[in-house]
Amino acid sequence: MKSLYSIILIVLVAVNFQVAKAEDGYRLWLRYDLVADPGILKSYNKLIKGWIVEGDSPVIQSAKKELDKGLEGLLGHKVQSFTSPGGNGLVIAGTPSGSPVVASLKLNDKLAGLGQEGYLIINTKYRNKKVIVIASNGDAGVLYGVFNFLRLLQTNQPVKSLSITSAPKIKIRLLNHWDNLDRSVERGYAGLSLWNWETLPGKLDERYTDYARANASVGINGTVLTNVNANALILTKDYLLKVAALADLFRSYGTRVYLTARFSAPVEIGNLKTADPLDPDVIKWWKAKADEIYSYIPDFGGFVVKANSEGQPGPQDYKRTHADGANTLADAVGPHGGIVMWRAFVYDNNVPDDRAKQAYNEFVPLDGKFRDNVIIQVKNGPVDFQPREPFHPLFGAMPRTPIMPELQITQEYLGSSTHLVYLAPLYEECLKSDTYAKGKGSFVAKVIDGSLDNHKLTAIAGVANTGDVRNWTGHPVAQSNWYAFGRLAWDPYLTSEMIADEWIRMTFSNNQETLRTISRIMLDSREAAVKYMTPLGLHHIMYSGHHYGPGPWVSRGRQDWTSVYYHKADEKGIGFNRTSSGSNAVGQYFPPVRDLYENIVTCPENLLLWFHHVPWDYKMKSGRSLWDELCYTYHDGVKTVQLMQNQWESIKGFIDNDRFETVKTLLIRQERDAKIWRDGCILYFQTFSKKPIPADLEKPEHDLDYYINHKYTDIPGIS
Ligand code: BDP
């Protein structure tokens with residue numbers, strides 16, 4: 001009998017082991033597996049004997065659940081919860097108002113200035129016993145503190161003498177979902193929308209909770225559920241009740257819900273004859289709609305609006321300005337505490353001399369004309385989420401108006417969910433750009449955290465890369481872009497290296513060699529993509545139907561949707577002259593940035609063709625001609641992908657096989673596609689330069705026609 005039990009036990013343990021080892025990526029960076037290093041595990045077990053979290057609010061309940069789950073997984077056994085403190089080694093979490101124990105620690109001085117979301121984590125003594133305290137002024141801060149504490153354990157940091165204070169530098173930190181009501185996702189490459197409108201409000205999928213947990217773990221506190229190309233139906237009662245069900249759930253993780261508003265909604269669902277923002281009936285309609293929304297969702301965050309852009313309706317249809325439009329909506333949600341995020345990604349039906357200038361031209365004259373609860377949402381660069389763009393000239397140029405950046409997490413122009421591209425360096429490049437708006441040190445990060453122009457309303461948005469595929473983002477490493485966005489939204493001064501380090505430790509392993517290798521791959525990946533797609537400042541040369549592969553030859557249709565409009569290659573040279581002798585887009589930047597870009601000698605080479613039309617035999621800093629440099633840079637990009645493949649191979653056996661094989665397979669495709677980009681572009685540009693590809697470089701495998709006609713059969717969302 002005994003041996004039968006032993007066999008059953010062994011089988012159970014083995015099955016368990018298998019389950020623990022199977023890594024489908026669903027758990028993201030919140031895996032909470034047993035701490036692998038025995039010494040570190042021992043030290044944690046010595047220091048952590050139990051926990052006590054006082055308070056009853058839904059957010060505090062979430063904090064309790066997370067701490068319980070996290071500690072059990074990481075320490076390998078259930079860690080006892082207490083109702084009153086007594087012994088050594090308790091983790092105490094709460095607010096002074098909700099937790100008598102935290103109140104008795106008299107932390108008010110230390111908590112002052114941390115707001116409702118900031119927190120501190122310290123080792124201290126309670127009635128002479130050693131404890132770890134996670135305290136905040138607000139419940140959300142307690143939850144964020146708990147996640148930070150668990151992160152310390154997940155990343156194997158010492159927790160013996162903690163003295164952490166952390167508070168978000170940006171108030172509203174949002175994911176923007178470009179999700180449609182039929183569950184398709186615009187520029188989504190990870191399956192269907194997370195929001196199952198069909199089964200809402202009745203069924204609350206477990207995924208909604210895990211989504212909210214993931215967001216809260218990095219401090220994301222808002223989610224815009226719907227596509228910027230909006231459908232007015234979302235503002236009808238039936239849909240609003242579904243939204244309310246999500247809002248109720250997300251609230252317990254400190255997350256507010258926002259929606260996109262279709263400007264013509266008063267006509268489409270309100271039966272009005274006009275959507276003119278100054279029409280009294282339209283004003284009344286928006287107010288009533290806002291009142292209705294707040295009756296279902298008392299903490300509704302507000303609206304995101306894409307107006308008069310790419311065919312979307314807007315105030316200009318009625319000869320009104322963006323400010324008129326934004327203010328009408330702002331007046332409707334304002335009394336309830338809501339905001340309007342009005343997008344500056346605009347371009348009308350008349351093709352401008354330079355699309356890159358349009359947002360600045362339309363918005364700068366409106367500075368100071370928006371209500372206090374309006375914030376202007378500006379893409380990181382002046383064209384459209386390209387692999388590399390200079391920072392948007394609107395940053396710093398509207399001092400009397402709050403400005404928020406919109407970053408793209410989904411990899412629309414960066415290989416969708418097939419290419420491994422870690423985006424933190426792209427975000428960081430923008431955030432750390434110096435606008436010189438108020439002299440040296442006027443970084444984009446300072447514009448958006450409100451410190452440069454003294455704004456209280458601050459926000460940041462990332463276009464989400466999530467979907468209903470099991471691992472949320474398709475490519476396992478694409479999860480890091482969601483993570484990195486959240487971390488930078490909390491603190492735009494963090495570095496890509498730090499963020500990658502945390503994410504790899506939590507997602508893959510704390511093993512030094514593995515960590516170093518994955519980190520190297522990730523940190524090199526964005527530059528590699530720029531090099532094999534759009535080197536030296538080239539941009540918008542992707543295929544037109546999908547944005548996955550190359551299409552420098554695209555020349556038909558609306559001019560500013562073609563590639564030839566942007567690269568302007570001819571027998572003389574290549575690049576868009578945006579200097580004072582061209583479109584003068586450089587004039588939208590403050591000096592000395594303007595002068596830096598204006599001068600071909602000082603213009604950074606990685607933006608050269610963004611700002612200059614450059615002769616093919618222009619001598620580059622390397623001593624090579626522009627043509628040769630272009631060829632070498634394209635080749636460098638492919639070489640980096642090959643190096644990434646070798647590096648990945650070296651960690652075989654050090655991480656789970658599932659994710660190892662998935663990434664390996666995707667890297668093979670990435671190499672293939674990088675070559676398609678490289679060879680397609682080089683062959684096409686060669687028809688203008690009429691110069692040979694340098695002799696030491698690998699020759700293209702096919703002729704230009706092959707690349708022009710290439711069809712992908714294995715890329716999500718592309719057929
Ligand atoms: C472009 C996308 C398009 C979006 C648009 C936007 O291709 O799908 O609707 O941005 O941001 O990059 O409005």
# chains A, B, ... in the order shown; residues from 1 in each chain; ligands from 1
call {"tool": "closest_atom_pairs", "arguments": {"of": "chain A", "to": "ligand 1", "cutoff": "6 Å", "atoms": "only C-alpha atoms and all ligand atoms", "output": "JSON lines"}}
result
{"residue": "A:Glu186", "atom": "CA", "partner": "ligand 1", "partner_atom_place_in_ligand_line": "8 (O)", "distance": 5.8}
{"residue": "A:Asn229", "atom": "CA", "partner": "ligand 1", "partner_atom_place_in_ligand_line": "9 (O)", "distance": 5.9}
{"residue": "A:Asp384", "atom": "CA", "partner": "ligand 1", "partner_atom_place_in_ligand_line": "12 (O)", "distance": 5.3}
call {"tool": "residues_around", "arguments": {"residues": "region 293-310 of chain A", "least_positions_apart": "6", "cutoff": "6 Å", "atoms": "only C-alpha atoms", "output": "mmCIF file with C-alpha atoms, in the first residue's frame"}}
result
data_model
loop_
_atom_site.group_PDB
_atom_site.id
_atom_site.type_symbol
_atom_site.label_atom_id
_atom_site.label_comp_id
_atom_site.auth_asym_id
_atom_site.auth_seq_id
_atom_site.Cartn_x
_atom_site.Cartn_y
_atom_site.Cartn_z
ATOM 1 C CA VAL A 228 -9.049 55.744 -32.469
ATOM 2 C CA ALA A 244 -19.078 49.398 -17.082
ATOM 3 C CA ARG A 256 -9.727 53.600 -15.074
ATOM 4 C CA VAL A 257 -11.500 53.084 -18.335
ATOM 5 C CA TYR A 258 -11.543 55.584 -21.228
ATOM 6 C CA LEU A 259 -13.191 55.436 -24.649
ATOM 7 C CA THR A 260 -12.622 56.899 -28.076
ATOM 8 C CA ALA A 261 -15.348 59.296 -29.161
ATOM 9 C CA GLY A 338 -13.021 63.551 -17.036
ATOM 10 C CA ILE A 339 -10.448 64.635 -19.585
ATOM 11 C CA VAL A 340 -10.185 64.810 -23.366
ATOM 12 C CA MET A 341 -7.105 63.568 -25.139
ATOM 13 C CA TRP A 342 -7.217 65.261 -28.514
ATOM 14 C CA ARG A 343 -4.846 63.765 -31.039
ATOM 15 C CA VAL A 346 -3.795 65.095 -38.256
ATOM 16 C CA TYR A 347 -3.625 65.466 -41.945
ATOM 17 C CA ASP A 348 -6.402 66.571 -44.167
#
call {"tool": "residues_around", "arguments": {"residues": "Asn646 (chain A)", "least_positions_apart": "4", "cutoff": "12 Å", "atoms": "only C-alpha atoms", "output": "number ranges by chain"}}
result
A: 517-518, 520-521, 639-642, 650-652, 664, 667-668, 671
call {"tool": "residues_around", "arguments": {"residues": "Lys169 (chain A)", "least_positions_apart": "2", "cutoff": "9 Å", "atoms": "only C-alpha atoms", "output": "short mmCIF file (atom, residue, chain, number, x, y, z; two decimals) with N, CA and C atoms, in the first residue's frame"}}
result
data_model
loop_
_atom_site.label_atom_id
_atom_site.label_comp_id
_atom_site.auth_asym_id
_atom_site.auth_seq_id
_atom_site.Cartn_x
_atom_site.Cartn_y
_atom_site.Cartn_z
N ALA A 167 7.33 57.31 -6.80
CA ALA A 167 6.04 57.93 -7.14
C ALA A 167 6.06 58.19 -8.64
N LYS A 171 0.97 61.54 -14.47
CA LYS A 171 -0.25 61.22 -13.74
C LYS A 171 -1.10 60.12 -14.40
N ASP A 449 6.27 65.47 -18.38
CA ASP A 449 5.98 65.26 -16.95
C ASP A 449 5.51 66.57 -16.30
N GLY A 450 5.34 67.60 -17.14
CA GLY A 450 4.75 68.85 -16.67
C GLY A 450 5.74 69.81 -16.05
N THR A 458 -0.89 65.60 -16.69
CA THR A 458 0.18 64.94 -17.44
C THR A 458 -0.26 63.53 -17.80
N ALA A 489 6.48 54.94 -18.42
CA ALA A 489 5.36 55.83 -18.13
C ALA A 489 5.40 56.24 -16.65
N TRP A 490 5.80 55.31 -15.81
CA TRP A 490 5.95 55.61 -14.38
C TRP A 490 7.14 56.55 -14.16
N ASP A 491 8.21 56.24 -14.84
CA ASP A 491 9.42 57.04 -14.68
C ASP A 491 10.16 57.16 -16.02
N PRO A 492 9.93 58.26 -16.74
CA PRO A 492 10.51 58.40 -18.08
C PRO A 492 12.04 58.57 -18.05
#
call {"tool": "atom_distance", "arguments": {"atom1": "CA of Thr507 (chain A)", "atom2": "CA of Gly141 (chain A)"}}
result
23.7 Å
call {"tool": "residues_around", "arguments": {"residues": "region 422-430 of chain A", "least_positions_apart": "4", "cutoff": "7 Å", "atoms": "only C-alpha atoms", "output": "count of residues only"}}
result
11
call {"tool": "residues_around", "arguments": {"residues": "Ala528 (chain A)", "least_positions_apart": "3", "cutoff": "10 Å", "atoms": "only C-alpha atoms", "output": "list in words"}}
result
Leu420, Val421, Ile521, Leu523, Asp524, Ser525, Lys531, Tyr532, Met533, Thr534, Pro535, Thr633, Tyr634, His635, Asp636, Gly637, Val638, Lys639, Thr640, Val641, Met644 and Ala674 of chain A
call {"tool": "select_by_dssp", "arguments": {"residues": "region 349-459 of chain A", "states": "strand (DSSP E)", "output": "ChimeraX atom specification"}}
result
/A:374-379,403-408,459
call {"tool": "select_by_dssp", "arguments": {"residues": "region 412-586 of chain A", "states": "helix (DSSP H, G or I)", "output": "MDAnalysis selection string"}}
result
chainID A and resid 424:431 444:448 476:490 496:507 512:533 535:537 559:561 564:567 585:586
call {"tool": "write_last_selection", "arguments": {"atoms": "C-alpha atoms", "output": "short mmCIF file (atom, residue, chain, number, x, y, z; two decimals), in the first residue's frame"}}
result
data_model
loop_
_atom_site.label_atom_id
_atom_site.label_comp_id
_atom_site.auth_asym_id
_atom_site.auth_seq_id
_atom_site.Cartn_x
_atom_site.Cartn_y
_atom_site.Cartn_z
CA ALA A 424 12.57 50.82 -24.97
CA PRO A 425 15.55 52.38 -26.81
CA LEU A 426 13.14 53.99 -29.28
CA TYR A 427 11.01 55.40 -26.45
CA GLU A 428 14.07 56.49 -24.54
CA GLU A 429 15.53 58.25 -27.57
CA CYS A 430 12.39 60.37 -27.81
CA LEU A 431 12.00 61.04 -24.08
CA VAL A 444 10.83 65.79 -24.03
CA ALA A 445 10.45 63.95 -20.71
CA LYS A 446 10.29 67.33 -18.96
CA VAL A 447 7.66 68.61 -21.35
CA ILE A 448 5.45 65.64 -20.68
CA PRO A 476 7.42 36.17 -26.52
CA VAL A 477 9.85 39.10 -26.39
CA ALA A 478 7.14 41.56 -27.48
CA GLN A 479 5.85 41.29 -23.90
CA SER A 480 8.88 43.35 -22.93
CA ASN A 481 7.53 46.30 -24.93
CA TRP A 482 4.33 46.36 -22.88
CA TYR A 483 6.45 46.12 -19.75
CA ALA A 484 8.92 48.79 -20.88
CA PHE A 485 6.18 51.19 -21.83
CA GLY A 486 4.64 50.88 -18.36
CA ARG A 487 7.95 51.34 -16.58
CA LEU A 488 8.85 54.42 -18.63
CA ALA A 489 5.36 55.83 -18.13
CA TRP A 490 5.95 55.61 -14.38
CA SER A 496 16.41 50.63 -21.46
CA GLU A 497 19.16 48.53 -19.85
CA MET A 498 17.59 48.66 -16.39
CA ILE A 499 14.18 47.79 -17.73
CA ALA A 500 15.47 44.92 -19.86
CA ASP A 501 17.36 43.56 -16.87
CA GLU A 502 14.23 43.46 -14.71
CA TRP A 503 12.06 42.03 -17.41
CA ILE A 504 14.46 39.24 -18.37
CA ARG A 505 14.98 38.21 -14.76
CA MET A 506 11.24 38.00 -14.18
CA THR A 507 10.34 36.50 -17.53
CA GLN A 512 23.91 35.87 -15.17
CA GLU A 513 24.97 34.42 -18.50
CA THR A 514 21.41 34.04 -19.75
CA LEU A 515 20.61 37.53 -18.56
CA ARG A 516 23.61 39.04 -20.32
CA THR A 517 22.87 37.23 -23.56
CA ILE A 518 19.16 38.08 -23.79
CA SER A 519 19.90 41.64 -22.73
CA ARG A 520 22.48 42.05 -25.50
CA ILE A 521 20.04 40.70 -28.07
CA MET A 522 17.27 43.01 -26.91
CA LEU A 523 19.40 46.12 -26.67
CA ASP A 524 20.80 45.69 -30.17
CA SER A 525 17.50 44.77 -31.76
CA ARG A 526 15.96 48.17 -32.43
CA GLU A 527 19.05 49.55 -34.15
CA ALA A 528 19.25 46.35 -36.19
CA ALA A 529 15.68 46.86 -37.40
CA VAL A 530 16.35 50.49 -38.30
CA LYS A 531 19.38 49.38 -40.29
CA TYR A 532 17.70 46.65 -42.31
CA MET A 533 14.50 48.66 -42.84
CA PRO A 535 18.77 53.33 -42.38
CA LEU A 536 20.28 56.82 -42.35
CA GLY A 537 16.97 58.62 -41.78
CA GLN A 559 1.05 61.16 -52.56
CA ASP A 560 1.78 61.36 -48.84
CA TRP A 561 0.85 57.71 -48.49
CA VAL A 564 8.50 58.02 -53.27
CA TYR A 565 7.05 61.11 -51.56
CA TYR A 566 9.35 60.44 -48.61
CA HIS A 567 12.61 59.12 -50.06
CA ALA A 585 10.43 71.51 -41.44
CA VAL A 586 13.67 72.24 -39.56
#
call {"tool": "residues_around", "arguments": {"residues": "region 87-101 of chain A", "least_positions_apart": "5", "cutoff": "6 Å", "atoms": "only C-alpha atoms", "output": "number ranges by chain"}}
result
A: 47-55, 129-137, 142
call {"tool": "write_last_selection", "arguments": {"atoms": "C-alpha atoms", "output": "PDB file, in the first residue's frame"}}
result
ATOM      1  CA  LEU A  47      13.395  37.531   6.520  1.00  0.00           C
ATOM      2  CA  ILE A  48       9.801  36.870   5.490  1.00  0.00           C
ATOM      3  CA  LYS A  49       7.652  34.911   7.922  1.00  0.00           C
ATOM      4  CA  GLY A  50       4.217  36.266   7.251  1.00  0.00           C
ATOM      5  CA  TRP A  51       2.257  39.252   6.065  1.00  0.00           C
ATOM      6  CA  ILE A  52      -0.443  41.575   7.203  1.00  0.00           C
ATOM      7  CA  VAL A  53      -2.413  43.833   4.892  1.00  0.00           C
ATOM      8  CA  GLU A  54      -5.135  45.841   6.582  1.00  0.00           C
ATOM      9  CA  GLY A  55      -8.014  47.470   4.738  1.00  0.00           C
ATOM     10  CA  LYS A 129      10.289  43.244  15.856  1.00  0.00           C
ATOM     11  CA  LYS A 130      11.900  43.441  12.432  1.00  0.00           C
ATOM     12  CA  VAL A 131       9.344  44.130   9.723  1.00  0.00           C
ATOM     13  CA  ILE A 132       9.171  45.204   6.091  1.00  0.00           C
ATOM     14  CA  VAL A 133       6.678  47.983   5.500  1.00  0.00           C
ATOM     15  CA  ILE A 134       5.001  48.861   2.214  1.00  0.00           C
ATOM     16  CA  ALA A 135       3.071  52.073   2.779  1.00  0.00           C
ATOM     17  CA  SER A 136       1.247  54.621   0.693  1.00  0.00           C
ATOM     18  CA  ASN A 137      -1.268  57.417   1.099  1.00  0.00           C
ATOM     19  CA  VAL A 142      -0.140  49.984  -1.731  1.00  0.00           C
TER      20      VAL A 142
END
call {"tool": "closest_residue", "arguments": {"among": "A:Val159, A:Ala190, A:Ala216, A:Arg594", "to": "Glu66 (chain A)", "atoms": "only C-alpha atoms"}}
result
A:Ala216
call {"tool": "closest_atom_pairs", "arguments": {"of": "region 126-218 of chain A", "to": "region 31-46 of chain A", "cutoff": "9 Å", "atoms": "only C-alpha atoms", "output": "JSON lines"}}
result
{"residue": "A:Leu150", "atom": "CA", "partner": "A:Tyr32", "partner_atom": "CA", "distance": 8.3}
{"residue": "A:Leu153", "atom": "CA", "partner": "A:Val35", "partner_atom": "CA", "distance": 7.8}
{"residue": "A:Gln154", "atom": "CA", "partner": "A:Tyr32", "partner_atom": "CA", "distance": 6.7}
{"residue": "A:Asn156", "atom": "CA", "partner": "A:Ile40", "partner_atom": "CA", "distance": 6.9}
{"residue": "A:Gln157", "atom": "CA", "partner": "A:Ile40", "partner_atom": "CA", "distance": 8.6}
{"residue": "A:Pro158", "atom": "CA", "partner": "A:Ile40", "partner_atom": "CA", "distance": 8.1}
{"residue": "A:Val159", "atom": "CA", "partner": "A:Tyr44", "partner_atom": "CA", "distance": 7.6}
{"residue": "A:Lys160", "atom": "CA", "partner": "A:Tyr44", "partner_atom": "CA", "distance": 8.8}
call {"tool": "write_last_selection", "arguments": {"atoms": "C-alpha atoms", "output": "short mmCIF file (atom, residue, chain, number, x, y, z; two decimals), in the first residue's frame"}}
result
data_model
loop_
_atom_site.label_atom_id
_atom_site.label_comp_id
_atom_site.auth_asym_id
_atom_site.auth_seq_id
_atom_site.Cartn_x
_atom_site.Cartn_y
_atom_site.Cartn_z
CA LEU A 150 7.53 41.13 -5.38
CA LEU A 153 12.20 39.04 -4.95
CA GLN A 154 11.65 38.01 -8.56
CA ASN A 156 16.75 38.39 -6.56
CA GLN A 157 17.51 41.74 -4.93
CA PRO A 158 18.44 41.88 -1.25
CA VAL A 159 15.53 42.90 0.97
CA LYS A 160 17.41 43.39 4.21
#
call {"tool": "closest_residue", "arguments": {"among": "A:Ala22, A:Leu538, A:Ile718, A:Ala459", "to": "Leu630 (chain A)", "atoms": "only C-alpha atoms"}}
result
A:Leu538
call {"tool": "closest_residue", "arguments": {"among": "A:Glu117, A:Glu629, A:Glu406, A:Asp109", "to": "Gln377 (chain A)", "atoms": "only C-alpha atoms"}}
result
A:Glu406
call {"tool": "closest_atom_pairs", "arguments": {"of": "region 203-257 of chain A", "to": "region 281-291 of chain A", "cutoff": "12 Å", "atoms": "only C-alpha atoms", "output": "CSV"}}
result
residue,atom,partner,partner_atom,distance
A:Ala232,CA,A:Lys289,CA,11.7
A:Ile234,CA,A:Lys289,CA,11.5
A:Leu235,CA,A:Lys289,CA,7.8
A:Thr236,CA,A:Lys289,CA,8.9
A:Lys237,CA,A:Lys289,CA,9.7
A:Leu240,CA,A:Lys289,CA,10.6
call {"tool": "closest_residue", "arguments": {"among": "A:Ala330, A:Gln358, A:Phe263, A:Pro716", "to": "Gly311 (chain A)", "atoms": "only C-alpha atoms"}}
result
A:Phe263
